[in-house]
file my_file_19.cif (mmCIF, C-alpha atoms)
data_input
loop_
_atom_site.label_atom_id
_atom_site.label_comp_id
_atom_site.auth_asym_id
_atom_site.auth_seq_id
_atom_site.Cartn_x
_atom_site.Cartn_y
_atom_site.Cartn_z
CA MET O 1 20.16 18.10 11.20
CA ALA O 2 22.58 16.38 13.57
CA THR O 3 23.13 13.67 10.97
CA VAL O 4 24.00 16.29 8.36
CA GLN O 5 26.52 18.01 10.65
CA HIS O 6 28.11 14.66 11.46
CA ALA O 7 28.42 13.88 7.74
CA VAL O 8 30.03 17.27 7.05
CA GLN O 9 32.57 16.70 9.83
CA ASP O 10 33.49 13.41 8.20
CA VAL O 11 33.91 15.03 4.79
CA TYR O 12 36.15 17.90 5.94
CA GLU O 13 39.37 16.72 7.54
CA PRO O 14 41.02 19.02 10.10
CA SER O 15 43.56 21.49 8.71
CA LEU O 16 47.03 20.04 8.21
CA PHE O 17 48.54 23.19 9.71
CA GLY O 18 46.09 23.48 12.59
CA THR O 19 44.73 26.87 11.65
CA TYR O 20 42.09 28.47 9.45
CA SER O 21 42.50 28.65 5.68
CA LYS O 22 42.63 32.46 5.42
CA LYS O 23 45.71 32.54 7.61
CA ILE O 24 47.42 29.74 5.67
CA GLY O 25 46.63 31.61 2.45
CA MET O 26 48.20 34.80 3.79
CA TRP O 27 51.31 32.94 4.99
CA LEU O 28 51.71 31.38 1.53
CA PHE O 29 51.34 34.80 -0.10
CA LEU O 30 53.91 36.27 2.29
CA ALA O 31 56.32 33.42 1.55
CA SER O 32 56.07 34.18 -2.17
CA ASP O 33 56.30 37.95 -1.58
CA SER O 34 59.41 37.44 0.55
CA LEU O 35 61.08 35.94 -2.52
CA THR O 36 60.20 39.06 -4.55
CA PHE O 37 61.82 41.29 -1.93
CA GLY O 38 64.61 38.76 -1.42
CA ALA O 39 65.54 38.98 -5.10
CA LEU O 40 65.51 42.79 -5.00
CA LEU O 41 67.56 42.91 -1.80
CA PHE O 42 70.09 40.42 -3.14
CA ALA O 43 70.37 42.42 -6.37
CA TYR O 44 70.98 45.61 -4.39
CA SER O 45 73.53 43.98 -2.06
CA TYR O 46 75.30 42.29 -4.99
CA ASN O 47 75.71 45.63 -6.74
CA ARG O 48 76.77 47.29 -3.49
CA ILE O 49 79.61 44.81 -2.89
CA ALA O 50 80.64 44.55 -6.54
CA ASN O 51 81.08 48.33 -6.91
CA PRO O 52 83.77 49.92 -4.73
CA ALA O 53 82.72 53.31 -6.16
CA TRP O 54 79.17 52.89 -4.84
CA PRO O 55 77.77 56.35 -3.95
CA THR O 56 77.22 57.27 -0.30
CA PRO O 57 74.68 60.10 -0.52
CA PHE O 58 72.97 59.56 2.83
CA HIS O 59 74.19 62.17 5.30
CA LYS O 60 73.15 62.62 8.94
CA GLU O 61 69.86 64.23 7.94
CA SER O 62 68.88 61.28 5.70
CA ILE O 63 69.88 58.70 8.31
CA ALA O 64 67.93 60.55 11.02
CA ASN O 65 64.91 60.64 8.69
CA ALA O 66 65.22 56.92 7.89
CA THR O 67 65.63 56.11 11.61
CA VAL O 68 62.38 57.97 12.39
CA MET O 69 60.72 56.06 9.52
CA THR O 70 61.96 52.79 11.06
CA ALA O 71 60.62 53.81 14.49
CA CYS O 72 57.26 54.59 12.83
CA LEU O 73 57.06 51.12 11.29
CA LEU O 74 58.16 49.36 14.50
CA SER O 75 55.56 51.34 16.48
CA SER O 76 52.94 50.47 13.88
CA SER O 77 53.73 46.78 14.43
CA LEU O 78 53.18 47.25 18.17
CA THR O 79 49.81 48.97 17.63
CA MET O 80 48.88 46.25 15.12
CA VAL O 81 49.56 43.45 17.57
CA LEU O 82 47.51 45.35 20.18
CA ALA O 83 44.68 45.54 17.61
CA VAL O 84 44.85 41.74 17.21
CA LEU O 85 44.71 41.31 21.01
CA ALA O 86 41.69 43.65 21.20
CA ALA O 87 39.99 41.75 18.35
CA ASN O 88 40.56 38.46 20.19
CA ARG O 89 38.80 40.02 23.23
CA HIS O 90 35.94 41.04 20.86
CA ASP O 91 36.61 44.64 21.89
CA LYS O 92 35.54 46.39 18.69
CA PRO O 93 36.20 50.04 19.71
CA TRP O 94 39.81 49.33 20.77
CA THR O 95 40.39 47.13 17.73
CA ARG O 96 39.41 50.10 15.58
CA TYR O 97 41.51 52.59 17.59
CA TRP O 98 44.63 50.44 17.34
CA LEU O 99 44.06 49.83 13.63
CA LEU O 100 43.71 53.59 13.09
CA ALA O 101 46.92 54.15 15.08
CA THR O 102 48.67 51.61 12.83
CA MET O 103 47.37 53.41 9.76
CA PHE O 104 48.63 56.72 11.17
CA PHE O 105 52.17 55.35 11.61
CA GLY O 106 52.05 53.75 8.16
CA THR O 107 50.93 57.01 6.58
CA ALA O 108 53.65 58.92 8.45
CA PHE O 109 56.22 56.44 7.11
CA THR O 110 54.99 56.91 3.53
CA VAL O 111 54.97 60.72 3.77
CA LEU O 112 58.52 60.78 5.21
CA HIS O 113 59.67 58.38 2.51
CA ALA O 114 58.07 60.50 -0.22
CA MET O 115 59.90 63.55 1.17
CA GLU O 116 63.19 61.61 1.05
CA TRP O 117 62.56 60.61 -2.56
CA THR O 118 61.70 64.21 -3.51
CA LYS O 119 64.94 65.44 -1.89
CA LEU O 120 67.05 62.85 -3.73
CA MET O 121 65.38 63.59 -7.06
CA GLY O 122 65.92 67.31 -6.41
CA GLU O 123 69.67 66.55 -6.10
CA GLY O 124 69.55 64.91 -9.54
CA MET O 125 69.11 61.25 -8.70
CA MET O 126 67.12 59.39 -11.36
CA PRO O 127 66.49 55.66 -11.99
CA SER O 128 69.22 55.58 -14.67
CA SER O 129 71.72 58.08 -13.27
CA ASN O 130 72.96 59.82 -10.14
CA PRO O 131 75.11 62.91 -9.53
CA TRP O 132 77.56 61.19 -7.13
CA ALA O 133 79.03 58.30 -9.15
CA ALA O 134 78.80 58.34 -12.94
CA THR O 135 80.32 54.84 -13.16
CA VAL O 136 77.54 53.35 -11.00
CA PRO O 137 74.33 54.25 -12.86
CA GLN O 138 72.48 51.30 -11.36
CA PHE O 139 72.37 52.95 -7.92
CA GLY O 140 69.21 54.92 -8.75
CA GLY O 141 67.50 52.00 -10.45
CA THR O 142 68.08 49.55 -7.59
CA PHE O 143 67.24 52.15 -4.93
CA PHE O 144 63.97 53.32 -6.49
CA THR O 145 62.83 49.78 -7.39
CA LEU O 146 63.44 48.40 -3.92
CA THR O 147 62.12 51.31 -1.87
CA GLY O 148 59.30 51.99 -4.36
CA MET O 149 58.10 48.39 -4.13
CA HIS O 150 58.15 48.66 -0.35
CA MET O 151 56.34 52.02 -0.36
CA LEU O 152 53.65 50.45 -2.57
CA HIS O 153 53.27 47.60 -0.07
CA VAL O 154 52.91 50.05 2.83
CA THR O 155 50.27 52.02 0.88
CA ILE O 156 48.33 48.82 0.11
CA GLY O 157 48.65 47.86 3.79
CA VAL O 158 47.19 51.17 4.98
CA ILE O 159 44.25 50.75 2.56
CA TYR O 160 43.79 47.12 3.69
CA LEU O 161 43.68 48.16 7.36
CA GLY O 162 41.32 51.04 6.51
CA VAL O 163 38.89 48.59 4.91
CA ILE O 164 39.08 46.27 7.95
CA ALA O 165 38.69 49.13 10.46
CA LEU O 166 36.12 51.36 8.78
CA ARG O 167 34.62 49.28 5.93
CA LYS O 168 32.50 51.42 3.57
CA LYS O 169 33.13 54.58 5.64
CA PHE O 170 36.76 54.38 4.51
CA LEU O 171 35.93 54.84 0.81
CA PRO O 172 35.08 58.59 0.91
CA ILE O 173 38.15 59.19 3.13
CA LEU O 174 40.37 57.38 0.63
CA LEU O 175 38.90 59.24 -2.33
CA GLY O 176 39.32 62.54 -0.44
CA LEU O 177 42.99 61.75 0.28
CA TRP O 178 43.54 60.88 -3.38
CA LEU O 179 41.96 64.13 -4.57
CA VAL O 180 43.83 66.32 -2.06
CA GLY O 181 47.12 64.53 -2.78
CA TRP O 182 46.64 64.84 -6.53
CA LEU O 183 45.81 68.54 -6.34
CA LEU O 184 48.61 69.40 -3.90
CA THR O 185 51.53 67.55 -5.50
CA PRO O 186 53.33 69.51 -8.24
CA ALA O 187 52.57 68.27 -11.78
CA LYS O 188 56.26 67.44 -12.36
CA SER O 189 56.52 65.31 -9.20
CA VAL O 190 56.52 61.54 -9.55
CA PHE O 191 53.95 61.46 -6.74
CA HIS O 192 51.47 63.38 -8.92
CA ILE O 193 51.15 60.09 -10.82
CA GLY O 194 51.95 57.79 -7.88
CA ILE O 195 49.02 59.15 -5.85
CA HIS O 196 46.69 57.37 -8.29
CA ALA O 197 47.55 54.18 -6.36
CA LEU O 198 44.99 55.52 -3.83
CA LEU O 199 42.34 55.80 -6.56
CA ILE O 200 43.04 52.24 -7.72
CA GLY O 201 42.93 51.13 -4.08
CA ALA O 202 39.56 52.87 -3.63
CA ILE O 203 38.11 51.16 -6.72
CA VAL O 204 39.37 47.71 -5.67
CA SER O 205 38.17 48.27 -2.08
CA ALA O 206 34.73 49.40 -3.33
CA ILE O 207 34.39 46.28 -5.49
CA ILE O 208 35.28 44.06 -2.51
CA LEU O 209 33.09 45.94 -0.03
CA PHE O 210 30.01 46.08 -2.28
CA LEU O 211 30.25 42.57 -3.74
CA LYS O 212 30.95 40.87 -0.42
CA PRO O 213 29.84 43.11 2.46
CA LYS O 214 30.64 41.60 5.85
CA ASP O 215 31.53 42.45 9.42
CA TYR O 216 35.24 41.72 9.71
CA ASP O 217 36.06 39.46 12.66
CA SER O 218 39.18 38.73 14.71
CA HIS O 219 40.49 36.35 12.04
CA ASP O 220 40.38 39.13 9.44
CA VAL O 221 42.23 41.46 11.82
CA GLU O 222 44.87 38.80 12.49
CA VAL O 223 45.37 38.07 8.78
CA SER O 224 45.68 41.79 7.96
CA GLY O 225 48.16 41.98 10.84
CA LEU O 226 50.30 39.28 9.25
CA TYR O 227 50.55 41.39 6.09
CA TRP O 228 51.38 44.52 8.06
CA HIS O 229 54.11 42.86 10.13
CA PHE O 230 55.62 41.47 6.94
CA VAL O 231 55.90 44.98 5.52
CA ASP O 232 57.68 45.99 8.74
CA LEU O 233 59.94 42.93 8.53
CA VAL O 234 61.05 43.77 4.99
CA TRP O 235 62.02 47.29 6.06
CA MET O 236 64.29 45.75 8.73
CA PHE O 237 66.47 44.63 5.79
CA ILE O 238 66.01 47.64 3.50
CA PHE O 239 66.97 50.21 6.17
CA PRO O 240 70.45 48.81 6.93
CA LEU O 241 71.24 47.58 3.42
CA VAL O 242 70.16 50.69 1.53
CA TYR O 243 70.65 53.54 3.98
CA LEU O 244 73.26 52.43 6.52
CA MET O 245 75.49 50.83 3.87
CA SER O 246 75.55 54.13 1.94
CA THR O 247 76.15 56.51 4.81
CA LYS O 248 78.47 59.49 4.71
CA VAL O 249 78.75 61.24 8.08
CA MET C 1 44.68 19.24 18.22
CA HIS C 2 45.46 22.95 17.85
CA ASP C 3 42.30 25.03 18.25
CA VAL C 4 42.01 27.12 15.09
CA SER C 5 40.23 29.92 16.92
CA ALA C 6 42.45 29.96 20.01
CA PRO C 7 43.60 33.51 20.77
CA HIS C 8 47.26 34.19 21.48
CA ASP C 9 47.73 34.23 25.22
CA GLU C 10 50.88 36.37 25.52
CA GLY C 11 50.43 39.47 27.67
CA LYS C 12 50.78 43.00 26.36
CA GLY C 13 54.04 43.42 28.30
CA LEU C 14 55.85 40.90 26.10
CA TYR C 15 55.01 42.87 22.97
CA PHE C 16 56.34 46.09 24.53
CA TRP C 17 59.58 44.27 25.39
CA VAL C 18 59.90 42.99 21.81
CA TRP C 19 59.21 46.49 20.48
CA GLY C 20 61.88 47.90 22.83
CA GLY C 21 64.35 45.23 21.69
CA LEU C 22 63.71 46.06 18.05
CA LEU C 23 64.26 49.78 18.68
CA PHE C 24 67.48 48.97 20.58
CA LEU C 25 68.84 46.82 17.74
CA THR C 26 67.97 49.61 15.28
CA GLY C 27 69.95 52.00 17.48
CA VAL C 28 72.94 49.63 17.40
CA GLU C 29 72.78 49.54 13.59
CA VAL C 30 72.69 53.34 13.36
CA VAL C 31 75.68 53.69 15.73
CA LEU C 32 77.64 51.18 13.62
CA ALA C 33 76.84 53.20 10.50
CA TYR C 34 77.96 56.45 12.15
CA GLU C 35 81.19 54.98 13.52
CA GLN C 36 82.13 53.32 10.20
CA VAL C 37 84.81 51.12 11.76
CA LEU C 38 84.02 48.13 9.53
CA GLN C 39 84.81 47.47 5.88
CA PRO C 40 81.71 47.32 3.60
CA ALA C 41 81.71 43.50 3.29
CA ARG C 42 82.14 43.04 7.09
CA MET C 43 79.57 45.78 7.75
CA LEU C 44 77.11 43.99 5.45
CA GLU C 45 77.58 40.75 7.39
CA VAL C 46 77.05 42.42 10.78
CA LEU C 47 73.98 44.34 9.59
CA LEU C 48 72.52 41.18 8.06
CA VAL C 49 72.94 39.26 11.33
CA LEU C 50 71.20 42.07 13.26
CA SER C 51 68.44 42.22 10.62
CA VAL C 52 67.87 38.47 10.82
CA ILE C 53 67.53 38.75 14.63
CA LYS C 54 64.99 41.57 14.18
CA ALA C 55 63.11 39.60 11.53
CA ALA C 56 63.01 36.56 13.84
CA LEU C 57 61.58 38.67 16.68
CA ILE C 58 58.88 40.11 14.40
CA THR C 59 57.99 36.73 12.91
CA LEU C 60 57.96 34.77 16.17
CA TYR C 61 56.20 37.29 18.42
CA PHE C 62 54.32 39.89 16.36
CA MET C 63 53.25 37.40 13.65
CA HIS C 64 52.73 34.70 16.29
CA LEU C 65 54.65 32.04 14.36
CA LYS C 66 55.79 30.83 17.79
CA SER C 67 52.18 29.87 18.56
CA GLU C 68 51.62 27.92 15.35
CA ILE C 69 52.00 24.15 15.21
CA ARG C 70 55.41 22.68 14.40
CA ALA C 71 54.48 21.65 10.82
CA MET C 72 53.53 25.22 9.91
CA ARG C 73 56.62 26.74 11.58
CA TRP C 74 59.13 24.46 9.91
CA LEU C 75 57.50 24.36 6.49
CA LEU C 76 57.51 28.16 6.19
CA THR C 77 60.96 28.65 7.67
CA ILE C 78 62.72 25.93 5.70
CA SER C 79 61.12 26.76 2.34
CA VAL C 80 61.92 30.49 2.51
CA MET C 81 65.43 29.94 3.92
CA ALA C 82 66.22 27.37 1.19
CA CYS C 83 65.32 29.90 -1.52
CA PHE C 84 67.43 32.61 0.12
CA ALA C 85 70.34 30.18 0.48
CA LEU C 86 70.19 29.47 -3.26
CA MET C 87 70.24 33.21 -4.02
CA TRP C 88 73.20 33.66 -1.67
CA ILE C 89 75.17 30.82 -3.28
CA PHE C 90 74.64 32.24 -6.77
CA PHE C 91 75.08 35.96 -6.08
CA PHE C 92 77.77 36.63 -3.52
CA PRO C 93 80.76 34.56 -4.65
CA ASP C 94 80.44 36.35 -7.98
CA ALA C 95 80.23 39.80 -6.37
CA ASP C 96 83.35 38.98 -4.35
CA ARG C 97 85.10 37.73 -7.50
CA ILE C 98 84.38 41.02 -9.27
CA VAL C 99 85.80 43.01 -6.35
CA LYS C 100 89.00 40.90 -6.40
CA LEU C 101 89.32 41.36 -10.15
CA GLY C 102 89.34 45.11 -9.51
CA VAL C 103 86.69 46.04 -12.06
CA GLN C 104 86.18 49.79 -11.98
#
call {"tool": "encode", "arguments": {"input": "my_file_19.cif", "output": "structure tokens"}}
result
Amino acid sequence: MATVQHAVQDVYEPSLFGTYSKKIGMWLFLASDSLTFGALLFAYSYNRIANPAWPTPFHKESIANATVMTACLLSSSLTMVLAVLAANRHDKPWTRYWLLATMFFGTAFTVLHAMEWTKLMGEGMMPSSNPWAATVPQFGGTFFTLTGMHMLHVTIGVIYLGVIALRKKFLPILLGLWLVGWLLTPAKSVFHIGIHALLIGAIVSAIILFLKPKDYDSHDVEVSGLYWHFVDLVWMFIFPLVYLMSTKV
Amino acid sequence: MHDVSAPHDEGKGLYFWVWGGLLFLTGVEVVLAYEQVLQPARMLEVLLVLSVIKAALITLYFMHLKSEIRAMRWLLTISVMACFALMWIFFFPDADRIVKLGVQ
């Protein structure tokens, strides 16, 4: 047996980056995802600078709302890092509590963002037009693409953390949230369709949880934390570029 | 050799300080937006600098990039920054040109 272990050690060289493969995989994914968001942010900023007539629809109320959303995400990053610390101590109850706290802040962010979207659409803002500047139709398109992509990432992050924290127990909760959300959102609302992201998330999570059931360890918590912090990091650019650059107070 | 399972040894207090710093920088950004003393292009530059500082704090401390080995740190940073630099070089001189041309 000792001979076999020795042979395996000879076959597998130590990691070039001095860490486990799951973490390297997540870093590589985040590097590629940062280019997706980078392209969207550059496109938005390019349009913002190139159009002196760029609309400034975000009043005090919108900025206050977006500031609270930012505080939610920053607080979620703090609770996430505390979850990683608890996981490193092998303290399962506190790991779960901190993960649930992170999910709470993430959900609060998404709900506040959905309310902001609903308000803007109620004022007549659409992906191809807006009521404030007829010569700048791309405002709606760039805004909804950028913030929608980010909202989708936050939603996926909450589902990811739910799977890590609660495993199979999370599936009925997720399906319940989908059903309640679908029944409560008005049929004309974009979120009546968007809420199906939760159903897709539940199906994907169920496939993962049933095909490869496992007890998630501190490495899994750390890797999920990397994803979550990245979502927070991206918002640190979206908030000033989208909201603060289009403020009217 | 870096131990792949070594936990991060920073205390909780450090993370609370980083969180406080991030909230403070967000507050500075909001005040700048309310005051509106800067032109859009200058405002964009200032906000970008503050955002890069916030991103660095998140990446180094919350994502523990500071604790990774040098090869990992530099490979990730240089590759992503190089791509962003290329985007910057292609996009912004053209946006500035359009503004100077006075296209309505």
call {"tool": "resolve_selection", "arguments": {"input": "my_file_19.cif", "expression": "the PyMOL selection byres ((chain O and resi 221) around 10)", "output": "PyMOL selection string"}}
result
chain O and resi 80-81+83-88+95-96+99+161+164-165+216-220+222-226
call {"tool": "atom_distance", "arguments": {"input": "my_file_19.cif", "atom1": "CA of Leu82 in chain O", "atom2": "CA of Thr59 in chain C"}}
result
15.4 Å
call {"tool": "residues_around", "arguments": {"input": "my_file_19.cif", "residues": "Gly162 in chain O", "least_positions_apart": "5", "cutoff": "10 Å", "atoms": "all atoms listed in the file", "output": "list in words"}}
result
Arg96, Leu99, Leu100, Thr102, Met103, Ile156, Gly157, Arg167, Lys168, Lys169, Phe170, Leu171, Ile173, Leu174 and Ser205 of chain O
call {"tool": "write_last_selection", "arguments": {"input": "my_file_19.cif", "atoms": "C-alpha atoms", "output": "compact mmCIF listing (two decimals), in the frame of the given file"}}
result
# COMPACT_ATOMS: atom_id res chain seq x y z
CA ARG O 96 39.41 50.10 15.58
CA LEU O 99 44.06 49.83 13.63
CA LEU O 100 43.71 53.59 13.09
CA THR O 102 48.67 51.61 12.83
CA MET O 103 47.37 53.41 9.76
CA ILE O 156 48.33 48.82 0.11
CA GLY O 157 48.65 47.86 3.79
CA ARG O 167 34.62 49.28 5.93
CA LYS O 168 32.50 51.42 3.57
CA LYS O 169 33.13 54.58 5.64
CA PHE O 170 36.76 54.38 4.51
CA LEU O 171 35.93 54.84 0.81
CA ILE O 173 38.15 59.19 3.13
CA LEU O 174 40.37 57.38 0.63
CA SER O 205 38.17 48.27 -2.08
call {"tool": "interface_residues", "arguments": {"input": "my_file_19.cif", "of": "chain O", "to": "chain C", "cutoff": "6 Å", "atoms": "all atoms listed in the file", "output": "list in words"}}
result
Phe17, Gly18, Thr19, Tyr20, Tyr46, Ala50, Asn88, Leu226, Leu233, Met236, Phe237 and Leu244 of chain O
call {"tool": "atom_distance", "arguments": {"input": "my_file_19.cif", "atom1": "CA of Phe58 in chain O", "atom2": "CA of Pro186 in chain O"}}
result
24.6 Å
call {"tool": "atom_distance", "arguments": {"input": "my_file_19.cif", "atom1": "CA of Met151 in chain O", "atom2": "CA of Lys188 in chain O"}}
result
19.5 Å
call {"tool": "resolve_selection", "arguments": {"input": "my_file_19.cif", "expression": "the PyMOL selection byres ((chain O and resi 247) around 9)", "output": "number ranges by chain"}}
result
O: 55-60, 62-63, 242-246, 248-249; C: 33-34, 36
call {"tool": "decode", "arguments": {"input": "my_file_19.cif", "residues": "range 30-59 of chain C", "atoms": "C-alpha atoms", "output": "PDB file, in the first residue's frame"}}
result
ATOM      1  CA  VAL C  30     -22.212  59.172  -3.319  1.00  0.00           C
ATOM      2  CA  VAL C  31     -21.150  62.593  -1.966  1.00  0.00           C
ATOM      3  CA  LEU C  32     -19.256  63.294  -5.211  1.00  0.00           C
ATOM      4  CA  ALA C  33     -22.365  62.398  -7.199  1.00  0.00           C
ATOM      5  CA  TYR C  34     -24.558  64.679  -5.070  1.00  0.00           C
ATOM      6  CA  GLU C  35     -22.149  67.621  -5.231  1.00  0.00           C
ATOM      7  CA  GLN C  36     -21.646  67.319  -9.022  1.00  0.00           C
ATOM      8  CA  VAL C  37     -18.598  69.591  -9.059  1.00  0.00           C
ATOM      9  CA  LEU C  38     -16.790  67.551 -11.722  1.00  0.00           C
ATOM     10  CA  GLN C  39     -17.352  67.305 -15.473  1.00  0.00           C
ATOM     11  CA  PRO C  40     -18.576  63.857 -16.654  1.00  0.00           C
ATOM     12  CA  ALA C  41     -15.188  62.760 -18.060  1.00  0.00           C
ATOM     13  CA  ARG C  42     -13.333  63.885 -14.885  1.00  0.00           C
ATOM     14  CA  MET C  43     -16.061  62.353 -12.705  1.00  0.00           C
ATOM     15  CA  LEU C  44     -15.678  59.061 -14.589  1.00  0.00           C
ATOM     16  CA  GLU C  45     -11.930  59.064 -13.924  1.00  0.00           C
ATOM     17  CA  VAL C  46     -12.343  59.763 -10.199  1.00  0.00           C
ATOM     18  CA  LEU C  47     -15.077  57.139  -9.791  1.00  0.00           C
ATOM     19  CA  LEU C  48     -12.990  54.584 -11.676  1.00  0.00           C
ATOM     20  CA  VAL C  49      -9.987  55.181  -9.406  1.00  0.00           C
ATOM     21  CA  LEU C  50     -12.179  54.734  -6.298  1.00  0.00           C
ATOM     22  CA  SER C  51     -13.752  51.599  -7.824  1.00  0.00           C
ATOM     23  CA  VAL C  52     -10.339  50.108  -8.588  1.00  0.00           C
ATOM     24  CA  ILE C  53      -9.290  50.709  -4.943  1.00  0.00           C
ATOM     25  CA  LYS C  54     -12.491  48.984  -3.756  1.00  0.00           C
ATOM     26  CA  ALA C  55     -11.968  46.103  -6.187  1.00  0.00           C
ATOM     27  CA  ALA C  56      -8.378  45.706  -4.959  1.00  0.00           C
ATOM     28  CA  LEU C  57      -9.549  45.562  -1.326  1.00  0.00           C
ATOM     29  CA  ILE C  58     -12.160  42.911  -2.160  1.00  0.00           C
ATOM     30  CA  THR C  59      -9.750  40.839  -4.245  1.00  0.00           C
TER      31      THR C  59
END
